[in-house]
Each structure stands twice: as structure tokens, then as C-alpha cells.
$ cat entry_36.txt   # compact mmCIF, C-alpha atoms
# COMPACT_ATOMS: atom_id res chain seq x y z
CA MET D 16 2.11 21.46 4.93
CA PRO D 17 5.24 20.32 6.85
CA ALA D 18 6.94 17.18 5.55
CA ALA D 19 6.30 15.27 8.79
CA ASP D 20 2.57 16.05 8.65
CA SER D 21 2.45 15.03 4.99
CA ASN D 22 4.15 11.68 5.71
CA GLU D 23 1.73 11.05 8.59
CA LEU D 24 -1.25 11.66 6.29
CA VAL D 25 0.21 9.29 3.69
CA THR D 26 0.70 6.55 6.29
CA THR D 27 -2.82 7.13 7.67
CA SER D 28 -4.27 6.83 4.17
CA ALA D 29 -2.31 3.64 3.54
CA LEU D 30 -3.47 2.16 6.87
CA ALA D 31 -7.07 2.92 5.92
CA LEU D 32 -6.58 1.06 2.63
CA LEU D 33 -5.03 -1.92 4.41
CA ARG D 34 -7.87 -2.10 6.92
CA ARG D 35 -10.36 -2.22 4.04
CA LEU D 36 -8.38 -5.07 2.52
CA GLU D 37 -7.87 -6.90 5.81
CA TRP D 38 -11.46 -8.10 6.26
CA ARG D 39 -11.37 -9.54 2.72
CA VAL D 40 -8.11 -11.33 3.52
CA ARG D 41 -9.51 -12.75 6.78
CA HIS D 42 -12.63 -13.93 4.98
CA ALA D 43 -10.52 -15.63 2.30
CA VAL D 44 -8.29 -17.36 4.88
CA GLU D 45 -11.22 -18.55 7.00
CA THR D 46 -13.46 -19.69 4.15
CA VAL D 47 -11.97 -20.03 0.67
CA LEU D 48 -8.39 -20.88 1.64
CA SER D 49 -9.09 -22.55 4.98
CA GLY D 50 -5.95 -24.56 5.83
CA GLU D 51 -4.61 -24.46 2.28
CA TYR D 52 -2.65 -21.24 2.74
CA ARG D 53 0.06 -22.79 4.90
CA SER D 54 0.26 -26.01 2.90
CA ALA D 55 0.48 -24.15 -0.40
CA PHE D 56 3.43 -22.12 0.78
CA ARG D 57 5.27 -24.86 2.63
CA GLY D 58 5.15 -27.42 -0.18
CA ARG D 59 8.06 -29.83 0.12
CA GLY D 60 10.67 -27.13 0.68
CA MET D 61 11.64 -28.06 4.25
CA GLU D 62 14.89 -29.77 5.19
CA PHE D 63 15.01 -33.57 5.19
CA ASP D 64 15.56 -35.02 8.66
CA GLN D 65 15.40 -38.84 8.58
CA VAL D 66 13.47 -41.89 7.35
CA VAL D 67 10.93 -43.30 9.82
CA ARG D 68 8.41 -46.15 9.78
CA TYR D 69 5.16 -45.21 8.07
CA GLU D 70 2.13 -45.12 10.38
CA PHE D 71 -1.55 -44.91 9.60
CA GLY D 72 -2.54 -41.30 8.90
CA ASP D 73 0.88 -40.17 7.64
CA ASP D 74 1.00 -38.38 4.30
CA VAL D 75 1.50 -41.02 1.59
CA ARG D 76 3.35 -38.43 -0.51
CA ASP D 77 6.24 -38.68 1.99
CA ILE D 78 6.79 -42.43 1.46
CA ASP D 79 10.39 -43.25 0.52
CA TRP D 80 9.82 -46.00 -2.03
CA ASN D 81 13.48 -47.01 -2.25
CA VAL D 82 13.72 -47.69 1.49
CA THR D 83 10.27 -49.30 1.48
CA ALA D 84 11.28 -51.73 -1.28
CA ARG D 85 14.56 -52.58 0.44
CA LEU D 86 13.08 -53.25 3.90
CA GLY D 87 9.79 -54.76 2.79
CA GLU D 88 7.57 -52.43 4.80
CA PRO D 89 6.56 -48.78 4.30
CA TYR D 90 8.88 -46.03 5.44
CA ARG D 91 8.47 -42.30 4.93
CA LYS D 92 10.67 -39.23 4.84
CA LYS D 93 10.49 -36.97 7.87
CA PHE D 94 11.11 -33.25 7.41
CA VAL D 95 12.21 -30.61 9.89
CA GLU D 96 9.05 -28.67 10.64
CA GLU D 97 9.18 -24.94 11.26
CA ARG D 98 6.85 -23.33 13.77
CA GLU D 99 6.14 -20.42 11.43
CA ILE D 100 6.69 -19.17 7.93
CA THR D 101 8.97 -16.22 7.30
CA PHE D 102 8.13 -14.02 4.33
CA LEU D 103 10.64 -11.68 2.79
CA VAL D 104 8.77 -9.26 0.52
CA VAL D 105 11.07 -7.54 -1.97
CA PHE D 106 9.49 -4.62 -3.84
CA GLU D 107 11.58 -3.45 -6.80
CA ASP D 108 10.23 0.08 -7.36
CA SER D 109 11.42 0.82 -10.90
CA PRO D 110 10.18 3.88 -12.86
CA SER D 111 8.52 1.67 -15.47
CA LEU D 112 5.93 0.61 -12.88
CA GLN D 113 4.37 4.06 -13.13
CA PHE D 114 2.85 3.23 -16.51
CA GLY D 115 -0.88 2.68 -16.71
CA SER D 116 -3.30 2.70 -19.62
CA GLY D 117 -6.37 2.50 -17.41
CA ALA D 118 -7.60 3.76 -14.06
CA GLN D 119 -4.71 2.25 -12.12
CA SER D 120 -0.96 2.19 -12.71
CA LYS D 121 1.08 -0.98 -12.45
CA ARG D 122 2.76 0.42 -9.35
CA GLU D 123 -0.55 0.98 -7.55
CA ALA D 124 -1.71 -2.53 -8.38
CA LEU D 125 1.61 -4.10 -7.37
CA LEU D 126 1.65 -2.22 -4.05
CA GLU D 127 -1.82 -3.58 -3.34
CA LEU D 128 -0.60 -7.10 -4.14
CA ALA D 129 2.36 -6.63 -1.78
CA GLY D 130 0.01 -5.40 0.94
CA LEU D 131 -2.23 -8.43 0.50
CA VAL D 132 0.73 -10.80 0.85
CA MET D 133 1.85 -9.05 4.03
CA LEU D 134 -1.69 -9.11 5.43
CA LEU D 135 -1.89 -12.85 4.78
CA GLY D 136 1.25 -13.26 6.85
CA ALA D 137 -0.18 -11.10 9.64
CA VAL D 138 -3.50 -13.01 9.73
CA ASN D 139 -1.65 -16.33 9.90
CA ARG D 140 0.80 -15.13 12.60
CA ASP D 141 3.86 -15.49 10.38
CA ARG D 142 6.96 -13.33 10.30
CA VAL D 143 7.06 -10.74 7.52
CA GLY D 144 10.01 -8.63 6.40
CA CYS D 145 10.12 -6.04 3.65
CA LEU D 146 12.82 -4.66 1.38
CA HIS D 147 11.83 -1.62 -0.70
CA VAL D 148 14.38 -0.87 -3.44
CA THR D 149 14.36 2.27 -5.60
CA PRO D 150 16.93 3.87 -7.93
CA ASP D 151 17.97 6.04 -4.95
CA GLY D 152 18.61 3.18 -2.52
CA TYR D 153 16.67 0.84 -0.28
CA THR D 154 14.79 0.57 3.01
CA PHE D 155 14.77 -2.69 4.94
CA ASN D 156 12.39 -3.83 7.69
CA GLU D 157 13.50 -7.02 9.41
CA PRO D 158 11.04 -9.94 9.56
CA MET D 159 8.70 -9.56 12.52
CA ARG D 160 5.48 -11.05 13.85
CA GLY D 161 2.34 -9.25 14.96
CA ARG D 162 -0.53 -7.51 13.23
CA GLY D 163 0.43 -4.01 14.35
CA ALA D 164 4.06 -4.24 13.29
CA ILE D 165 3.27 -5.83 9.93
CA MET D 166 0.44 -3.36 9.23
CA HIS D 167 2.80 -0.46 9.92
CA THR D 168 5.48 -1.91 7.63
CA ALA D 169 2.94 -2.46 4.84
CA ALA D 170 1.44 1.01 5.27
CA THR D 171 4.88 2.59 5.13
CA LEU D 172 5.64 0.73 1.89
CA ILE D 173 2.32 1.67 0.27
CA GLY D 174 2.65 5.28 1.41
CA ARG D 175 6.12 5.90 0.02
CA PRO D 176 6.23 8.23 -2.99
CA ALA D 177 7.06 6.87 -6.41
CA PRO D 178 10.64 7.29 -7.65
CA ASP D 179 11.46 10.55 -9.41
CA LEU D 180 11.16 10.28 -13.19
CA ALA D 181 13.34 13.31 -13.90
CA ALA D 182 16.55 11.29 -14.00
CA PRO D 183 15.62 7.58 -13.91
CA ARG D 184 18.43 5.22 -12.98
CA PRO D 185 18.46 1.44 -12.87
CA VAL D 186 17.53 -0.21 -9.60
CA GLU D 187 20.45 -1.98 -7.95
CA MET D 188 19.31 -4.82 -5.74
CA PRO D 189 21.30 -5.29 -2.48
CA TRP D 190 21.87 -9.01 -2.93
CA ARG D 191 24.39 -9.27 -0.11
CA LEU D 192 21.85 -7.89 2.34
CA LEU D 193 19.15 -10.16 0.94
CA SER D 194 21.30 -13.26 1.41
CA LYS D 195 21.26 -12.68 5.19
CA ALA D 196 17.90 -10.96 5.61
CA ALA D 197 15.86 -14.04 6.57
CA PRO D 198 16.35 -17.62 7.81
CA LYS D 199 17.11 -20.40 5.36
CA HIS D 200 14.07 -21.77 3.48
CA SER D 201 12.08 -18.57 4.01
CA ILE D 202 9.64 -17.50 1.30
CA LEU D 203 11.17 -14.76 -0.84
CA ILE D 204 8.51 -12.94 -2.87
CA TRP D 205 10.05 -10.60 -5.44
CA LEU D 206 7.57 -8.07 -6.80
CA GLY D 207 8.65 -5.98 -9.77
CA ASP D 208 8.28 -5.16 -13.45
CA PHE D 209 10.82 -7.78 -14.63
CA PRO D 210 11.93 -6.31 -17.98
CA PRO D 211 14.03 -8.41 -20.37
CA ARG D 212 17.43 -8.77 -18.67
CA GLN D 213 20.01 -11.26 -17.52
CA ALA D 214 19.59 -13.03 -14.20
CA PRO D 215 21.53 -11.05 -11.56
CA ASP D 216 24.78 -12.34 -10.13
CA GLY D 217 24.13 -14.44 -7.07
CA TRP D 218 20.55 -15.35 -7.98
CA ALA D 219 21.42 -19.03 -8.09
CA VAL D 220 22.64 -18.81 -4.49
CA MET D 221 19.50 -16.92 -3.44
CA SER D 222 17.31 -19.54 -5.11
CA ARG D 223 18.98 -22.29 -3.09
CA ARG D 224 18.76 -20.43 0.21
CA TYR D 225 15.12 -19.33 -0.08
CA GLN D 226 11.92 -20.49 -1.74
CA PRO D 227 11.76 -17.77 -4.43
CA MET D 228 8.53 -16.56 -6.02
CA GLY D 229 8.00 -13.79 -8.55
CA PHE D 230 4.88 -11.60 -8.63
CA ARG D 231 4.31 -9.28 -11.60
CA ILE D 232 1.59 -6.86 -12.74
CA ASP D 233 0.81 -6.49 -16.45
CA ASP D 234 -0.95 -3.58 -18.10
CA PRO D 235 -3.44 -4.57 -20.85
CA TRP D 236 -1.37 -2.61 -23.39
CA GLU D 237 1.63 -4.76 -22.56
CA ARG D 238 -0.29 -7.91 -23.38
CA GLU D 239 -1.72 -6.51 -26.59
CA LEU D 240 -1.36 -3.13 -28.26
CA PRO D 241 -4.68 -1.30 -28.60
CA ALA D 242 -6.50 -1.54 -31.89
CA GLY D 243 -6.56 1.52 -34.12
CA ASP D 244 -4.24 3.56 -36.25
CA ARG D 245 -2.58 6.06 -33.89
CA PHE D 246 -2.45 6.44 -30.14
CA ALA D 247 -0.31 8.26 -27.61
CA ALA D 248 1.30 6.83 -24.48
CA TYR D 249 3.48 8.31 -21.75
CA ASP D 250 6.77 6.48 -21.25
CA PRO D 251 7.80 6.88 -17.58
CA THR D 252 11.33 5.63 -18.21
CA SER D 253 12.07 8.40 -20.73
CA GLY D 254 9.62 10.99 -19.44
CA GLN D 255 8.21 11.54 -22.92
CA LEU D 256 4.86 11.29 -24.65
CA ILE D 257 5.22 8.81 -27.50
CA THR D 258 2.88 8.51 -30.47
CA LEU D 259 2.56 5.09 -32.05
CA ASP D 260 0.89 4.41 -35.35
CA GLY D 261 0.09 0.76 -34.63
CA GLY D 262 1.83 -0.37 -37.77
CA ARG D 263 3.18 -3.82 -38.57
CA ALA D 264 6.76 -2.96 -37.55
CA GLU D 265 5.70 -1.63 -34.14
CA ARG D 266 3.52 -4.65 -33.45
CA ALA D 267 6.36 -6.97 -34.48
CA ALA D 268 8.71 -5.12 -32.11
CA HIS D 269 6.11 -5.41 -29.35
CA ALA D 270 5.78 -9.16 -29.92
CA GLN D 271 9.55 -9.55 -29.80
CA TRP D 272 9.75 -7.59 -26.54
CA LYS D 273 7.02 -9.79 -25.01
CA ALA D 274 8.90 -12.95 -25.99
CA GLN D 275 12.17 -11.65 -24.55
CA ARG D 276 10.44 -10.63 -21.36
CA GLU D 277 8.83 -14.04 -20.90
CA ASP D 278 12.17 -15.79 -21.53
CA ALA D 279 13.83 -13.69 -18.82
CA TRP D 280 10.85 -14.18 -16.47
CA THR D 281 10.83 -17.97 -16.78
CA SER D 282 14.62 -18.05 -16.47
CA LEU D 283 14.39 -16.36 -13.06
CA PHE D 284 11.46 -18.53 -11.93
CA PRO D 285 11.55 -21.80 -13.94
CA ASP D 286 8.87 -23.47 -11.81
CA PRO D 287 5.42 -22.31 -13.09
CA LEU D 288 4.13 -22.64 -9.52
CA SER D 289 6.61 -20.00 -8.35
CA ARG D 290 5.42 -17.12 -10.54
CA LEU D 291 2.23 -15.07 -10.61
CA VAL D 292 1.19 -12.56 -13.27
CA VAL D 293 -1.86 -10.38 -12.65
CA SER D 294 -3.44 -7.73 -14.87
CA THR D 295 -4.25 -4.27 -13.52
CA GLU D 296 -7.86 -5.09 -14.40
CA GLU D 297 -8.00 -8.27 -12.26
CA SER D 298 -8.74 -8.70 -8.56
CA ARG D 299 -5.42 -9.18 -6.82
CA LEU D 300 -6.92 -11.21 -3.97
CA ASP D 301 -8.76 -13.53 -6.35
CA ALA D 302 -5.49 -14.05 -8.24
CA LEU D 303 -3.71 -14.96 -4.99
CA VAL D 304 -6.41 -17.47 -4.08
CA ARG D 305 -6.11 -19.12 -7.50
CA PHE D 306 -2.33 -19.16 -7.06
CA PHE D 307 -2.62 -21.03 -3.75
CA HIS D 308 -5.14 -23.51 -5.12
CA THR D 309 -2.95 -24.24 -8.15
CA ARG D 310 0.07 -24.86 -5.93
CA LEU D 311 -1.89 -27.16 -3.66
CA ARG D 312 -3.32 -29.24 -6.50
CA ALA D 313 0.17 -29.83 -7.87
CA MET D 314 1.55 -31.16 -4.57

$ encode --input "entry_36.txt" --output "C-alpha cells"
Amino acid sequence: MPAADSNELVTTSALALLRRLEWRVRHAVETVLSGEYRSAFRGRGMEFDQVVRYEFGDDVRDIDWNVTARLGEPYRKKFVEEREITFLVVFEDSPSLQFGSGAQSKREALLELAGLVMLLGAVNRDRVGCLHVTPDGYTFNEPMRGRGAIMHTAATLIGRPAPDLAAPRPVEMPWRLLSKAAPKHSILIWLGDFPPRQAPDGWAVMSRRYQPMGFRIDDPWERELPAGDRFAAYDPTSGQLITLDGGRAERAAHAQWKAQREDAWTSLFPDPLSRLVVSTEESRLDALVRFFHTRLRAM
């Protein structure tokens, strides 16, 4: 089959998947989430404008208590409202995502999560951009509005083949491009495997420019090694089948790796409300709904 025909079939298959997910997303937005979606993402991340007199019906959480105490009557902070939210979805497609102990790999589950986020933006008429980064380079789609354009971008991302495991290389994130890829205060959602590593250079600047959030997929074997004496697992980063005996030393090494990974994860996203971890065995949409509700309750 010619390459062009093959790519068209992949995109068609991805669009079919997205359309099956879309009705669930619309149902969640119209019923379960209602108006909470926009509030949960906006939070208090908008730019401060001025202090104005408090009027009946204003949000009491915006009251500036220092000014109120000084003037003897209630005043509140006014923020610069944006007409829409801009999402910048960053998918770090590392070889390690191709691991999976069950019916679905981490990469498949994470791609579905990315598609759900982009569909939420499309349903709510927001702008959505996408940066897909692999060991071989990156592809960038500028933030745009409209169901058709966003669906096509999401389908293209989901339909792209996984990175070659023959000679895995580290993924190099184009931070300079990212720093100019979306307006200030946009929502940056970084989806990846997040192994133990140092925070990249320039992350502090990115965190100030955007509202960063990290989304991660965990395999059950990552959370806890399977019970039993010996088992085999395929390591996508080395391309080898590895046999583990489940001994005390291996379990201690696994526990140490988990601790190091969590330290690096929380260092990148110190606010618990800015990070989401989902198992390959969980519903990704249900996890997103819980994420929004948790954010809203904390505001």
C-alpha cells in the first residue's frame, strides 16, 4: 500500500476513535462538568488589573482585605478576563511509553488522554495547539479554534507511528519554540512518561509564562511489581526481553526508582492541583472529571 494511502487510513481510524470519544466528552461537559470546566482551568491565574468597590454578587474570594481594612468598606481585586482559553498540548513521545503489561500500552492510553483534552477545548470553543516531540524531532500545530481544525490536529497526533526502538535516543524538547508558541497565561499541558531527571533549563521561565500542568500514565507494574517468583518483561528503551526473579534486591531497586520518579515529578509540578496520574486500567475521561472537580473545590 502506498505511504500516502496508509497515512490516510491511519488518520481516518484516528478520526473514528475521536468521534466515539466526542459524544462522551459533550455529555460530560453538559451534565457532569456543566460550567465547572472553564472555572477549573482559569483558577486565579489571570493578570491583576485594579482594585474596585465590591458590589453585591461579586465573588467574595476576590476581596482585597488589606484595601478593605484601610478604606473601611469592601473592595475586590479585578482581573483581566480573556475571551477564551488557549491550550498548548505537548506530547513527549519517548520510547518508554511503548511499555504495557496489559491490553493497552502507556502510549495508547496517553494519546487517548491527549485527544480528550483537545476535544474538551473544541467543545468549549477554545484555542488548541499541539506540539508532538519524538527522538527524531518535533511537529508543531499552532493554536486554533474550531471543531474541524482541532479534530484534524488530534487525529494526526493519534495516528502518528510510535518512535523507532531500534536506536532510541533521548527526546530533546524545543523550549525556545515553546516559549513563544502560545499567549501568556495559556494552559500548557505536558503529557509524557516523566522518568527521574533534572528539571530542564528554562522550565522556571516556562512556568511563569504559562499555567503548566503535567499528565502522566502509569502501568500497574510500575506501581507495584507483580507477585510471583519469575516473570519476563519487554524493555522498549533497550529493545530486550528481561527476566526478573522478583527478589528483594529488585523490589528495593523498584521502590527506589519510584521514589526518585515522584521527587522529579513533584519538582516539575509542585502544586498537586497541576498534575494528573492515571493508570492504563482507569477511564481517562473519569480521571479528567475528577481532576476538574478537585481543582474547583480547592479554589

$ closest_residue --input "entry_36.txt" --among "D:Ile204, D:Leu128, D:Ala177, D:Ala274" --to "Thr149 (chain D)" --atoms "all atoms listed in the file"
D:Ala177

$ atom_distance --input "entry_36.txt" --atom1 "CA of Val220 (chain D)" --atom2 "CA of Phe155 (chain D)"
20.3 Å

$ closest_residue --input "entry_36.txt" --among "D:Arg290, D:Arg245, D:Arg85, D:Arg238" --to "Leu203 (chain D)" --atoms "all atoms listed in the file"
D:Arg290

$ residues_around --input "entry_36.txt" --residues "Leu172 (chain D)" --least-positions-apart "5" --cutoff "12 Å" --atoms "all atoms listed in the file" --output "ChimeraX atom specification"
/D:22,25-26,28-30,33,104-108,122-123,125-130,133,144-149,153-156,165-167,177

$ atom_distance --input "entry_36.txt" --atom1 "CA of Pro183 (chain D)" --atom2 "CA of Phe114 (chain D)"
13.7 Å

$ atom_distance --input "entry_36.txt" --atom1 "CA of Met159 (chain D)" --atom2 "CA of Ala137 (chain D)"
9.5 Å

$ residues_around --input "entry_36.txt" --residues "Gln226 (chain D)" --least-positions-apart "5" --cutoff "8 Å" --atoms "all atoms listed in the file" --output "VMD selection string"
chain D and resid 60 200 to 203

$ residues_around --input "entry_36.txt" --residues "Thr83 (chain D)" --least-positions-apart "3" --cutoff "12 Å" --atoms "all atoms listed in the file" --output "PyMOL selection string"
chain D and resi 66-69+77-80+86-92

$ residues_around --input "entry_36.txt" --residues "region 246-251 of chain D" --least-positions-apart "4" --cutoff "10 Å" --atoms "all atoms listed in the file" --output "count of residues only"
23

$ decode --input "entry_36.txt" --residues "region 174-200 of chain D" --atoms "N, CA, C and O atoms" --output "PDB file, in the first residue's frame"
ATOM      1  N   GLY D 174      -2.677   9.343  15.146  1.00  0.00           N
ATOM      2  CA  GLY D 174      -2.338   8.449  14.050  1.00  0.00           C
ATOM      3  C   GLY D 174      -0.859   8.332  13.744  1.00  0.00           C
ATOM      4  O   GLY D 174      -0.462   7.483  12.936  1.00  0.00           O
ATOM      5  N   ARG D 175      -0.039   9.154  14.369  1.00  0.00           N
ATOM      6  CA  ARG D 175       1.395   9.081  14.069  1.00  0.00           C
ATOM      7  C   ARG D 175       1.999   7.794  14.631  1.00  0.00           C
ATOM      8  O   ARG D 175       1.659   7.367  15.731  1.00  0.00           O
ATOM      9  N   PRO D 176       2.915   7.188  13.890  1.00  0.00           N
ATOM     10  CA  PRO D 176       3.529   5.943  14.377  1.00  0.00           C
ATOM     11  C   PRO D 176       4.422   6.198  15.582  1.00  0.00           C
ATOM     12  O   PRO D 176       4.942   7.305  15.773  1.00  0.00           O
ATOM     13  N   ALA D 177       4.584   5.170  16.385  1.00  0.00           N
ATOM     14  CA  ALA D 177       5.454   5.277  17.562  1.00  0.00           C
ATOM     15  C   ALA D 177       6.904   5.404  17.124  1.00  0.00           C
ATOM     16  O   ALA D 177       7.283   4.931  16.049  1.00  0.00           O
ATOM     17  N   PRO D 178       7.741   6.048  17.939  1.00  0.00           N
ATOM     18  CA  PRO D 178       9.158   6.173  17.596  1.00  0.00           C
ATOM     19  C   PRO D 178       9.816   4.809  17.426  1.00  0.00           C
ATOM     20  O   PRO D 178       9.441   3.828  18.062  1.00  0.00           O
ATOM     21  N   ASP D 179      10.820   4.767  16.554  1.00  0.00           N
ATOM     22  CA  ASP D 179      11.562   3.538  16.298  1.00  0.00           C
ATOM     23  C   ASP D 179      12.356   3.141  17.535  1.00  0.00           C
ATOM     24  O   ASP D 179      13.052   3.976  18.132  1.00  0.00           O
ATOM     25  N   LEU D 180      12.281   1.868  17.910  1.00  0.00           N
ATOM     26  CA  LEU D 180      13.000   1.381  19.081  1.00  0.00           C
ATOM     27  C   LEU D 180      14.384   0.843  18.741  1.00  0.00           C
ATOM     28  O   LEU D 180      15.132   0.464  19.640  1.00  0.00           O
ATOM     29  N   ALA D 181      14.710   0.804  17.452  1.00  0.00           N
ATOM     30  CA  ALA D 181      15.992   0.210  17.058  1.00  0.00           C
ATOM     31  C   ALA D 181      17.173   0.975  17.640  1.00  0.00           C
ATOM     32  O   ALA D 181      18.163   0.380  18.071  1.00  0.00           O
ATOM     33  N   ALA D 182      17.093   2.289  17.627  1.00  0.00           N
ATOM     34  CA  ALA D 182      18.191   3.108  18.160  1.00  0.00           C
ATOM     35  C   ALA D 182      17.588   4.250  18.960  1.00  0.00           C
ATOM     36  O   ALA D 182      17.586   5.399  18.517  1.00  0.00           O
ATOM     37  N   PRO D 183      17.020   3.957  20.134  1.00  0.00           N
ATOM     38  CA  PRO D 183      16.350   5.011  20.918  1.00  0.00           C
ATOM     39  C   PRO D 183      17.315   6.104  21.348  1.00  0.00           C
ATOM     40  O   PRO D 183      18.434   5.844  21.778  1.00  0.00           O
ATOM     41  N   ARG D 184      16.861   7.328  21.214  1.00  0.00           N
ATOM     42  CA  ARG D 184      17.630   8.496  21.627  1.00  0.00           C
ATOM     43  C   ARG D 184      16.766   9.324  22.571  1.00  0.00           C
ATOM     44  O   ARG D 184      15.539   9.245  22.501  1.00  0.00           O
ATOM     45  N   PRO D 185      17.380  10.117  23.409  1.00  0.00           N
ATOM     46  CA  PRO D 185      16.561  10.963  24.296  1.00  0.00           C
ATOM     47  C   PRO D 185      15.779  12.001  23.510  1.00  0.00           C
ATOM     48  O   PRO D 185      16.203  12.451  22.445  1.00  0.00           O
ATOM     49  N   VAL D 186      14.637  12.358  24.044  1.00  0.00           N
ATOM     50  CA  VAL D 186      13.807  13.388  23.418  1.00  0.00           C
ATOM     51  C   VAL D 186      14.315  14.751  23.853  1.00  0.00           C
ATOM     52  O   VAL D 186      14.489  15.011  25.044  1.00  0.00           O
ATOM     53  N   GLU D 187      14.561  15.618  22.902  1.00  0.00           N
ATOM     54  CA  GLU D 187      15.005  16.980  23.201  1.00  0.00           C
ATOM     55  C   GLU D 187      13.849  17.939  22.958  1.00  0.00           C
ATOM     56  O   GLU D 187      13.394  18.117  21.838  1.00  0.00           O
ATOM     57  N   MET D 188      13.377  18.544  24.032  1.00  0.00           N
ATOM     58  CA  MET D 188      12.235  19.441  23.930  1.00  0.00           C
ATOM     59  C   MET D 188      12.665  20.797  23.362  1.00  0.00           C
ATOM     60  O   MET D 188      13.659  21.375  23.805  1.00  0.00           O
ATOM     61  N   PRO D 189      11.929  21.328  22.389  1.00  0.00           N
ATOM     62  CA  PRO D 189      12.257  22.642  21.811  1.00  0.00           C
ATOM     63  C   PRO D 189      11.725  23.772  22.687  1.00  0.00           C
ATOM     64  O   PRO D 189      10.709  24.397  22.377  1.00  0.00           O
ATOM     65  N   TRP D 190      12.426  24.052  23.769  1.00  0.00           N
ATOM     66  CA  TRP D 190      11.924  25.022  24.736  1.00  0.00           C
ATOM     67  C   TRP D 190      11.829  26.431  24.163  1.00  0.00           C
ATOM     68  O   TRP D 190      10.938  27.198  24.530  1.00  0.00           O
ATOM     69  N   ARG D 191      12.734  26.786  23.255  1.00  0.00           N
ATOM     70  CA  ARG D 191      12.660  28.126  22.685  1.00  0.00           C
ATOM     71  C   ARG D 191      11.367  28.307  21.885  1.00  0.00           C
ATOM     72  O   ARG D 191      10.714  29.346  21.968  1.00  0.00           O
ATOM     73  N   LEU D 192      11.017  27.278  21.110  1.00  0.00           N
ATOM     74  CA  LEU D 192       9.756  27.339  20.375  1.00  0.00           C
ATOM     75  C   LEU D 192       8.583  27.398  21.341  1.00  0.00           C
ATOM     76  O   LEU D 192       7.647  28.183  21.155  1.00  0.00           O
ATOM     77  N   LEU D 193       8.616  26.585  22.384  1.00  0.00           N
ATOM     78  CA  LEU D 193       7.512  26.549  23.340  1.00  0.00           C
ATOM     79  C   LEU D 193       7.289  27.894  24.013  1.00  0.00           C
ATOM     80  O   LEU D 193       6.153  28.268  24.310  1.00  0.00           O
ATOM     81  N   SER D 194       8.372  28.622  24.264  1.00  0.00           N
ATOM     82  CA  SER D 194       8.253  29.895  24.979  1.00  0.00           C
ATOM     83  C   SER D 194       7.485  30.936  24.185  1.00  0.00           C
ATOM     84  O   SER D 194       7.030  31.935  24.747  1.00  0.00           O
ATOM     85  N   LYS D 195       7.334  30.723  22.868  1.00  0.00           N
ATOM     86  CA  LYS D 195       6.619  31.682  22.022  1.00  0.00           C
ATOM     87  C   LYS D 195       5.425  31.048  21.321  1.00  0.00           C
ATOM     88  O   LYS D 195       4.828  31.667  20.442  1.00  0.00           O
ATOM     89  N   ALA D 196       5.082  29.820  21.698  1.00  0.00           N
ATOM     90  CA  ALA D 196       4.072  29.075  20.948  1.00  0.00           C
ATOM     91  C   ALA D 196       2.644  29.487  21.266  1.00  0.00           C
ATOM     92  O   ALA D 196       1.740  29.197  20.486  1.00  0.00           O
ATOM     93  N   ALA D 197       2.419  30.147  22.407  1.00  0.00           N
ATOM     94  CA  ALA D 197       1.062  30.498  22.814  1.00  0.00           C
ATOM     95  C   ALA D 197       1.094  31.784  23.621  1.00  0.00           C
ATOM     96  O   ALA D 197       2.147  32.178  24.147  1.00  0.00           O
ATOM     97  N   PRO D 198      -0.055  32.478  23.742  1.00  0.00           N
ATOM     98  CA  PRO D 198      -0.085  33.721  24.522  1.00  0.00           C
ATOM     99  C   PRO D 198       0.244  33.475  25.995  1.00  0.00           C
ATOM    100  O   PRO D 198       0.098  32.369  26.511  1.00  0.00           O
ATOM    101  N   LYS D 199       0.641  34.533  26.657  1.00  0.00           N
ATOM    102  CA  LYS D 199       0.934  34.461  28.084  1.00  0.00           C
ATOM    103  C   LYS D 199      -0.304  34.018  28.858  1.00  0.00           C
ATOM    104  O   LYS D 199      -1.427  34.382  28.514  1.00  0.00           O
ATOM    105  N   HIS D 200      -0.076  33.198  29.894  1.00  0.00           N
ATOM    106  CA  HIS D 200      -1.123  32.653  30.758  1.00  0.00           C
ATOM    107  C   HIS D 200      -1.948  31.551  30.095  1.00  0.00           C
ATOM    108  O   HIS D 200      -2.989  31.158  30.624  1.00  0.00           O
TER     109      HIS D 200
END
